[in-house]
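One structure below.
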Amino acid sequence: MAVLEKIRVKFGIGATIIIAIGLLSFIVSPDDIVSACNSLSSRNDVGEINGKSISYEDFNAEVAKISQISEITTGSSVKSAQQQAQIRDAAWQEIIMRDLFLRNAEKAGISVGDDEKLDLISGPMVSPAIAQNPMFQDEDGNFSAEKVIEFGQSAKDEPMANLYWTYLQNTIFNQQYVSKYNALFTKASIVTPLELKRNIADNNVTNDVEFVMLPYGYKQDTTVVVSQSEIKAYYDNHKKFFSQAESRDIEYVVFDVKPSKTDVEATKDVVAKIYDGFASADNVKVFLSRNASERQFQNYWYKKGELRTVNSKVENFVWDGGKKNVSEVITSGNKFFIARVLDTKQRPDSVYVKHILLQGANAAKADSLLKVLSAGKEKFENVAALYSDDKNSAADGVLGNIGWMTQSYIIPGFEQTIFTAKKDVPYIAKTQYGTHIVAVTKQTKPVEKKLVAIYEKTAQASNETISAAYSQANSFAVIAHNGAEAYHKAADTLGVYSHPQKNMLESTERLGSVENAKEVVRWAFDHKAGDVSDIITIDNKFFIIALVNEVHEEGTSKLSEVAESIRQQLYLQKLGEKKTAEVEAEIEGLDDLEAIAQKLGTSVSTRSGVTCAGAGLDPALIGAVCTAEVGKVSKPIAGSIATYVFKVTARDTGAFFTEDDAKTAATTAAAQASQGILPVMMEEAKVKDHRARFF
């Protein structure tokens, strides 16, 4: 276990879950992947790549591996829901990397040779994941190739340490594949001399323009008609723009489980009974825990205004309650509070902290080092450089400096001392990380703060109340179970509102105000249009009955589903053509913009410095301006929101946008385009992500 313990010690203070270090520089978010690639395969599969299924068992094996890496680096097996989700995302990315990206990179002729791998680990081109890893730094915080070799050899004898070492190496090699593929892609993006010349011209030529703008308005023009044949023709010619992820249109009714007046009164009685005990308790932390307070005690000092996030009545009592230390029972809806002020002091919001961390056998040196520092015989940073096991804390470039700390950003164990410590007087503190020599060197101006304990209790629905809500839901379900018609009849008969939810994805987790609604989503994706669910219970707070209205399969949207959006697009196009023709007829014979504006009942606008590569104006207007003759009033042109008549009053050619600028812009564009490499690969491989079915 020696190597494993060394990993945890070296990561030490502030260590976070280290997952997929530098895995993919262009990884897309899980939401983007789900939206782009969500579809059906076998109901027992987590996903699919190039027609090959990713089973639940295989995915969970990858999750287990990433979880072990997390435990190795943090020393903890306890993970929040957010951390578990991050681990699953990292596992998915590992699979995409291994089964898709690496194979495509190798097909493109990319490889990472043995000598190159050695250089990435301990040679002249060492990876940042190694060079910046505290495991492989010497006493001065510099990278040590010897420590890398030493660790690699010793890790062979400890399975967990070897797992970490193997994972770290794979991550480094994968990143090299990514870098090479990016370079290949970027270098292949060639800008021809003609394109370069045009780009320079577009950015160096500026136009001053006057124009008259006649907006189309929002009122529907009934004379502009779009036929069904036109809609279908557009649909047939643009099907690639109507791809869709699998989704469902559903309706659902919700029967809330809310505490009754009797339930609220019963909770109030419970709070009243513990009042005296809370008011006199010597150890409020233990009292709150034993009496099931929803707000446990935190050693947090509140300043004026901060308790409003808890409850405004609690805030008012703490700061305006006079000499009373304990409030009456405070009622706020279904919640009850008792506030007790434990202490009042002047305390700073922030303190600047530095420390020397002594772990293991080094802790025995704490007293002697403190004497040296207290006597002023040696500078703090020099002692930190020689003895501290924390080589990462170097705020403002000084070793040992942690920097500014607040009650919300603090090393666990420091909260008891650093806000009351004397400036520049070092002292010893012990935390879960080891023994520290701590010094506070700066602090913000102290303000009045109060240490407050709060008992909080929310009224919960009793079994009788839950049964009553379930009975209502059951009455609805009995009528509705025969299909859509029966469902709507039940809603009308019982006067229940049916909530619509269109285009619900398999990844949806919330329906309106109902959180944790995955059970409803899973049911909908397992049923067909017209099916009505049984009663679905969510967190014992909601009873839901759902109806599937329509199933949208992955692929191309049906014409009926997109007809209205096509109609609106074609309508705007036809409206622009009509309005432009009307303006042309109305201003016939006029060649002065002021006269044209007066005729149209509008005014002349001006804009200077308009470039052909610019923005801020209607693209149709910019395009016309860049090719127009200077000094000549244009014919009316149709834009996206208005008809325009314009005149270019001046055109200047500068030299501020150089060939180097154009090349830089082209390189930047290529780099930005490389962000689309993985999504395109996933689209080509028909990647399907069904994790939402299981998690």
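The way I read the labels, and the way they are meant: chains A, B, ... in the order of the structure tokens, residue 1 as the first residue of every chain, and ligand 1 as the first ligand shown, with later ones counted on from there.
Summary of the local environment: counting only C-alpha atoms, residues at most 12 Å from segment 52-54 of chain A, other than itself and those fewer than 6 positions away along its chain, are Leu40, Ser41, Ser42, Arg43, Asn44, Asp45, Val46, Asn60, Ala61, Glu62, Ala91, Trp92, Ile95, Ile96, Asp99, Leu100, Ala685, Lys686, Val687, Lys688, Asp689, His690 and Arg691 of chain A.
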Using N, CA and C atoms, can you export the residues from the last selection as a PDB file, in the first residue's frame?
```pdb
ATOM      1  N   LEU A  40     -32.579   4.360 -30.464  1.00  0.00           N
ATOM      2  CA  LEU A  40     -32.843   3.035 -29.901  1.00  0.00           C
ATOM      3  C   LEU A  40     -31.910   1.967 -30.470  1.00  0.00           C
ATOM      4  N   SER A  41     -31.452   1.090 -29.601  1.00  0.00           N
ATOM      5  CA  SER A  41     -30.855  -0.174 -30.009  1.00  0.00           C
ATOM      6  C   SER A  41     -31.503  -1.207 -29.117  1.00  0.00           C
ATOM      7  N   SER A  42     -30.832  -2.270 -28.795  1.00  0.00           N
ATOM      8  CA  SER A  42     -31.378  -3.242 -27.855  1.00  0.00           C
ATOM      9  C   SER A  42     -31.662  -2.545 -26.543  1.00  0.00           C
ATOM     10  N   ARG A  43     -32.773  -2.929 -25.900  1.00  0.00           N
ATOM     11  CA  ARG A  43     -33.160  -2.254 -24.664  1.00  0.00           C
ATOM     12  C   ARG A  43     -32.160  -2.486 -23.546  1.00  0.00           C
ATOM     13  N   ASN A  44     -31.263  -3.453 -23.708  1.00  0.00           N
ATOM     14  CA  ASN A  44     -30.273  -3.731 -22.674  1.00  0.00           C
ATOM     15  C   ASN A  44     -28.927  -3.097 -22.971  1.00  0.00           C
ATOM     16  N   ASP A  45     -28.837  -2.307 -24.047  1.00  0.00           N
ATOM     17  CA  ASP A  45     -27.573  -1.691 -24.433  1.00  0.00           C
ATOM     18  C   ASP A  45     -27.505  -0.253 -23.956  1.00  0.00           C
ATOM     19  N   VAL A  46     -26.306   0.149 -23.545  1.00  0.00           N
ATOM     20  CA  VAL A  46     -26.072   1.529 -23.137  1.00  0.00           C
ATOM     21  C   VAL A  46     -25.815   2.408 -24.358  1.00  0.00           C
ATOM     22  N   ASN A  60     -20.558  -0.581 -17.362  1.00  0.00           N
ATOM     23  CA  ASN A  60     -20.361  -0.565 -15.918  1.00  0.00           C
ATOM     24  C   ASN A  60     -18.938  -0.958 -15.535  1.00  0.00           C
ATOM     25  N   ALA A  61     -18.318  -1.816 -16.342  1.00  0.00           N
ATOM     26  CA  ALA A  61     -16.925  -2.182 -16.087  1.00  0.00           C
ATOM     27  C   ALA A  61     -16.025  -0.959 -16.253  1.00  0.00           C
ATOM     28  N   GLU A  62     -16.315  -0.137 -17.268  1.00  0.00           N
ATOM     29  CA  GLU A  62     -15.541   1.089 -17.481  1.00  0.00           C
ATOM     30  C   GLU A  62     -15.791   2.081 -16.349  1.00  0.00           C
ATOM     31  N   ALA A  91     -16.403   7.668 -18.284  1.00  0.00           N
ATOM     32  CA  ALA A  91     -16.401   6.297 -18.796  1.00  0.00           C
ATOM     33  C   ALA A  91     -16.894   6.262 -20.233  1.00  0.00           C
ATOM     34  N   TRP A  92     -17.931   7.037 -20.526  1.00  0.00           N
ATOM     35  CA  TRP A  92     -18.460   7.108 -21.891  1.00  0.00           C
ATOM     36  C   TRP A  92     -17.411   7.685 -22.840  1.00  0.00           C
ATOM     37  N   ILE A  95     -14.798   5.157 -23.760  1.00  0.00           N
ATOM     38  CA  ILE A  95     -15.268   4.205 -24.770  1.00  0.00           C
ATOM     39  C   ILE A  95     -15.256   4.838 -26.154  1.00  0.00           C
ATOM     40  N   ILE A  96     -15.732   6.079 -26.253  1.00  0.00           N
ATOM     41  CA  ILE A  96     -15.719   6.794 -27.536  1.00  0.00           C
ATOM     42  C   ILE A  96     -14.288   6.937 -28.038  1.00  0.00           C
ATOM     43  N   ASP A  99     -12.963   3.109 -28.940  1.00  0.00           N
ATOM     44  CA  ASP A  99     -13.635   2.355 -29.994  1.00  0.00           C
ATOM     45  C   ASP A  99     -13.959   3.173 -31.242  1.00  0.00           C
ATOM     46  N   LEU A 100     -13.738   4.475 -31.171  1.00  0.00           N
ATOM     47  CA  LEU A 100     -14.046   5.305 -32.339  1.00  0.00           C
ATOM     48  C   LEU A 100     -12.859   6.173 -32.740  1.00  0.00           C
ATOM     49  N   ALA A 685     -20.381   7.291 -37.579  1.00  0.00           N
ATOM     50  CA  ALA A 685     -20.393   5.958 -36.957  1.00  0.00           C
ATOM     51  C   ALA A 685     -21.765   5.613 -36.388  1.00  0.00           C
ATOM     52  N   LYS A 686     -22.729   6.526 -36.580  1.00  0.00           N
ATOM     53  CA  LYS A 686     -24.085   6.314 -36.051  1.00  0.00           C
ATOM     54  C   LYS A 686     -24.051   5.948 -34.570  1.00  0.00           C
ATOM     55  N   VAL A 687     -23.331   6.770 -33.811  1.00  0.00           N
ATOM     56  CA  VAL A 687     -23.222   6.543 -32.373  1.00  0.00           C
ATOM     57  C   VAL A 687     -24.570   6.794 -31.710  1.00  0.00           C
ATOM     58  N   LYS A 688     -24.943   5.869 -30.859  1.00  0.00           N
ATOM     59  CA  LYS A 688     -26.191   5.999 -30.110  1.00  0.00           C
ATOM     60  C   LYS A 688     -25.861   5.946 -28.619  1.00  0.00           C
ATOM     61  N   ASP A 689     -26.387   6.903 -27.889  1.00  0.00           N
ATOM     62  CA  ASP A 689     -26.120   7.017 -26.456  1.00  0.00           C
ATOM     63  C   ASP A 689     -27.425   6.803 -25.704  1.00  0.00           C
ATOM     64  N   HIS A 690     -27.535   5.669 -24.997  1.00  0.00           N
ATOM     65  CA  HIS A 690     -28.766   5.345 -24.275  1.00  0.00           C
ATOM     66  C   HIS A 690     -28.548   5.291 -22.768  1.00  0.00           C
ATOM     67  N   ARG A 691     -27.546   6.003 -22.302  1.00  0.00           N
ATOM     68  CA  ARG A 691     -27.287   5.974 -20.861  1.00  0.00           C
ATOM     69  C   ARG A 691     -28.492   6.458 -20.060  1.00  0.00           C
TER      70      ARG A 691
END
```
>> Need the shell around Val630 of chain A: protein/DNA/RNA residues with any atom at most 12 Å away, counting only C-alpha atoms. Skip same-chain ones fewer than 2 positions apart. Format as a ChimeraX atom specification?
In response: /A:206-210,624-628,632-634,646-652
> Hey, what's within 7 Å of Asn503 of chain A if we count only C-alpha atoms and toss same-chain stuff fewer than 5 positions away? As a VMD selection string, please?
Replying inline: chain A and resid 247 to 249
Please dump the current selection as a PDB file, in the first residue's frame; keep C-alpha atoms.
```
ATOM      1  CA  SER A 247     -38.565  11.790 -28.744  1.00  0.00           C
ATOM      2  CA  ARG A 248     -42.083  11.513 -27.389  1.00  0.00           C
ATOM      3  CA  ASP A 249     -45.071  13.834 -27.188  1.00  0.00           C
TER       4      ASP A 249
END
```
>> So that I can check the surroundings of segment 542-545 of chain A, please list as a PyMOL selection string every protein, DNA and RNA residue that reaches within 8 Å of it, counting only C-alpha atoms and ignoring chain neighbours fewer than 3 positions away.
In response: chain A and resi 252-257+469-470+473+477+514+520+532-539
Emit the selected residues as a tab-separated table (two decimals), in the first residue's frame, including N, CA and C atoms.
```
chain	number	residue	atom	x	y	z
A	252	TYR	N	-49.60	14.47	-19.24
A	252	TYR	CA	-49.59	13.82	-17.94
A	252	TYR	C	-50.37	14.65	-16.92
A	253	VAL	N	-51.00	13.96	-15.99
A	253	VAL	CA	-51.67	14.64	-14.88
A	253	VAL	C	-50.90	14.35	-13.62
A	254	VAL	N	-50.87	15.31	-12.70
A	254	VAL	CA	-50.10	15.20	-11.47
A	254	VAL	C	-51.02	15.37	-10.27
A	255	PHE	N	-50.94	14.43	-9.37
A	255	PHE	CA	-51.64	14.55	-8.09
A	255	PHE	C	-50.58	14.75	-7.02
A	256	ASP	N	-50.49	16.01	-6.54
A	256	ASP	CA	-49.48	16.36	-5.54
A	256	ASP	C	-49.83	15.76	-4.18
A	257	VAL	N	-48.80	15.30	-3.50
A	257	VAL	CA	-48.97	14.85	-2.12
A	257	VAL	C	-48.53	16.01	-1.23
A	469	ALA	N	-54.45	11.29	-1.61
A	469	ALA	CA	-53.95	11.70	-2.92
A	469	ALA	C	-53.92	10.51	-3.88
A	470	TYR	N	-53.51	9.35	-3.35
A	470	TYR	CA	-53.47	8.15	-4.19
A	470	TYR	C	-54.88	7.76	-4.65
A	473	ALA	N	-55.74	9.86	-7.57
A	473	ALA	CA	-55.03	9.38	-8.76
A	473	ALA	C	-55.65	8.09	-9.27
A	477	ALA	N	-57.11	7.06	-12.90
A	477	ALA	CA	-56.53	5.93	-13.64
A	477	ALA	C	-57.59	4.92	-14.06
A	514	VAL	N	-41.92	18.83	-11.54
A	514	VAL	CA	-41.64	17.49	-11.02
A	514	VAL	C	-40.21	17.09	-11.36
A	520	VAL	N	-41.23	8.28	-15.43
A	520	VAL	CA	-42.24	8.62	-16.43
A	520	VAL	C	-41.63	8.57	-17.83
A	532	VAL	N	-51.76	4.54	-22.08
A	532	VAL	CA	-51.91	5.30	-20.84
A	532	VAL	C	-51.22	4.51	-19.72
A	533	SER	N	-50.48	5.19	-18.90
A	533	SER	CA	-49.72	4.52	-17.84
A	533	SER	C	-50.59	4.18	-16.65
A	534	ASP	N	-50.08	3.27	-15.82
A	534	ASP	CA	-50.63	3.10	-14.48
A	534	ASP	C	-50.15	4.28	-13.64
A	535	ILE	N	-50.47	4.27	-12.37
A	535	ILE	CA	-50.01	5.34	-11.49
A	535	ILE	C	-48.50	5.20	-11.28
A	536	ILE	N	-47.77	6.27	-11.56
A	536	ILE	CA	-46.32	6.31	-11.36
A	536	ILE	C	-46.04	7.20	-10.15
A	537	THR	N	-45.34	6.65	-9.17
A	537	THR	CA	-45.05	7.40	-7.94
A	537	THR	C	-43.66	8.01	-8.01
A	538	ILE	N	-43.57	9.31	-7.74
A	538	ILE	CA	-42.29	10.01	-7.77
A	538	ILE	C	-41.99	10.53	-6.37
A	539	ASP	N	-40.96	9.96	-5.74
A	539	ASP	CA	-40.45	10.42	-4.43
A	539	ASP	C	-41.53	10.54	-3.36
```
> So which residues touch Asp367 of chain A within 9 Å, counting only C-alpha atoms, skipping near sequence neighbours fewer than 4 positions away, as an MDAnalysis selection string?
Replying inline: chainID A and resid 363 371:372 428 437
Exercise: Asp389 of chain A partners within 7 Å, only C-alpha atoms, chain neighbours under 3 positions left out, as a short mmCIF file (atom, residue, chain, number, x, y, z; two decimals) with C-alpha atoms, in the first residue's frame:
```
data_model
loop_
_atom_site.label_atom_id
_atom_site.label_comp_id
_atom_site.auth_asym_id
_atom_site.auth_seq_id
_atom_site.Cartn_x
_atom_site.Cartn_y
_atom_site.Cartn_z
CA LEU A 357 2.29 20.92 5.80
CA LEU A 358 4.02 18.15 7.72
CA GLN A 359 2.83 14.62 7.06
#
```
> Quick one: of A:Ser471, A:Gln568, A:Asn283, A:Thr653, who's nearest to Ser227 of chain A, counting only C-alpha atoms?
Replying inline: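 The answer is A:Gln568, which sits nearest to Ser227 of chain A.
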>> Can you pull out the residues contacting Thr166 of chain A? Cut-off 12 Å, using only C-alpha atoms, and skip same-chain residues under 5 positions away; I want them as a PyMOL selection string.
In response: chain A and resi 65-66+69+121+151-153+155-156+158-161+171-173
>> I need the residue nearest Glu659 of chain A from this list: A:Ala484, A:Leu451, A:Val398, A:Val191. Use only C-alpha atoms for the distance.
In response: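 For Glu659 of chain A, the nearest of the given residues is A:Val191.
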>> Please identify the strand (DSSP E) residues within segment 38-129 of chain A (assignment by DSSP from backbone atoms) and present them as a PyMOL selection string.
In response: chain A and resi 45-49+52-55
> Suppose you want the space between atom CA of Phe694 of chain A and atom CA of Ala85 of chain A; what is it in Å?
Replying inline: 11.9 Å
> Tell me, which residues of segment 369-557 of chain A carry DSSP helix (DSSP H, G or I), written as a ChimeraX atom specification?
Replying inline: /A:369-374,380-387,395-397,463-480,484-494,518-525
> With distances taken over only C-alpha atoms, which of A:Gln83, A:Asn50, A:Thr458, A:Asn362 is nearest to Leu386 of chain A?
Replying inline: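 Smallest distance to Leu386 of chain A is found for A:Asn362.
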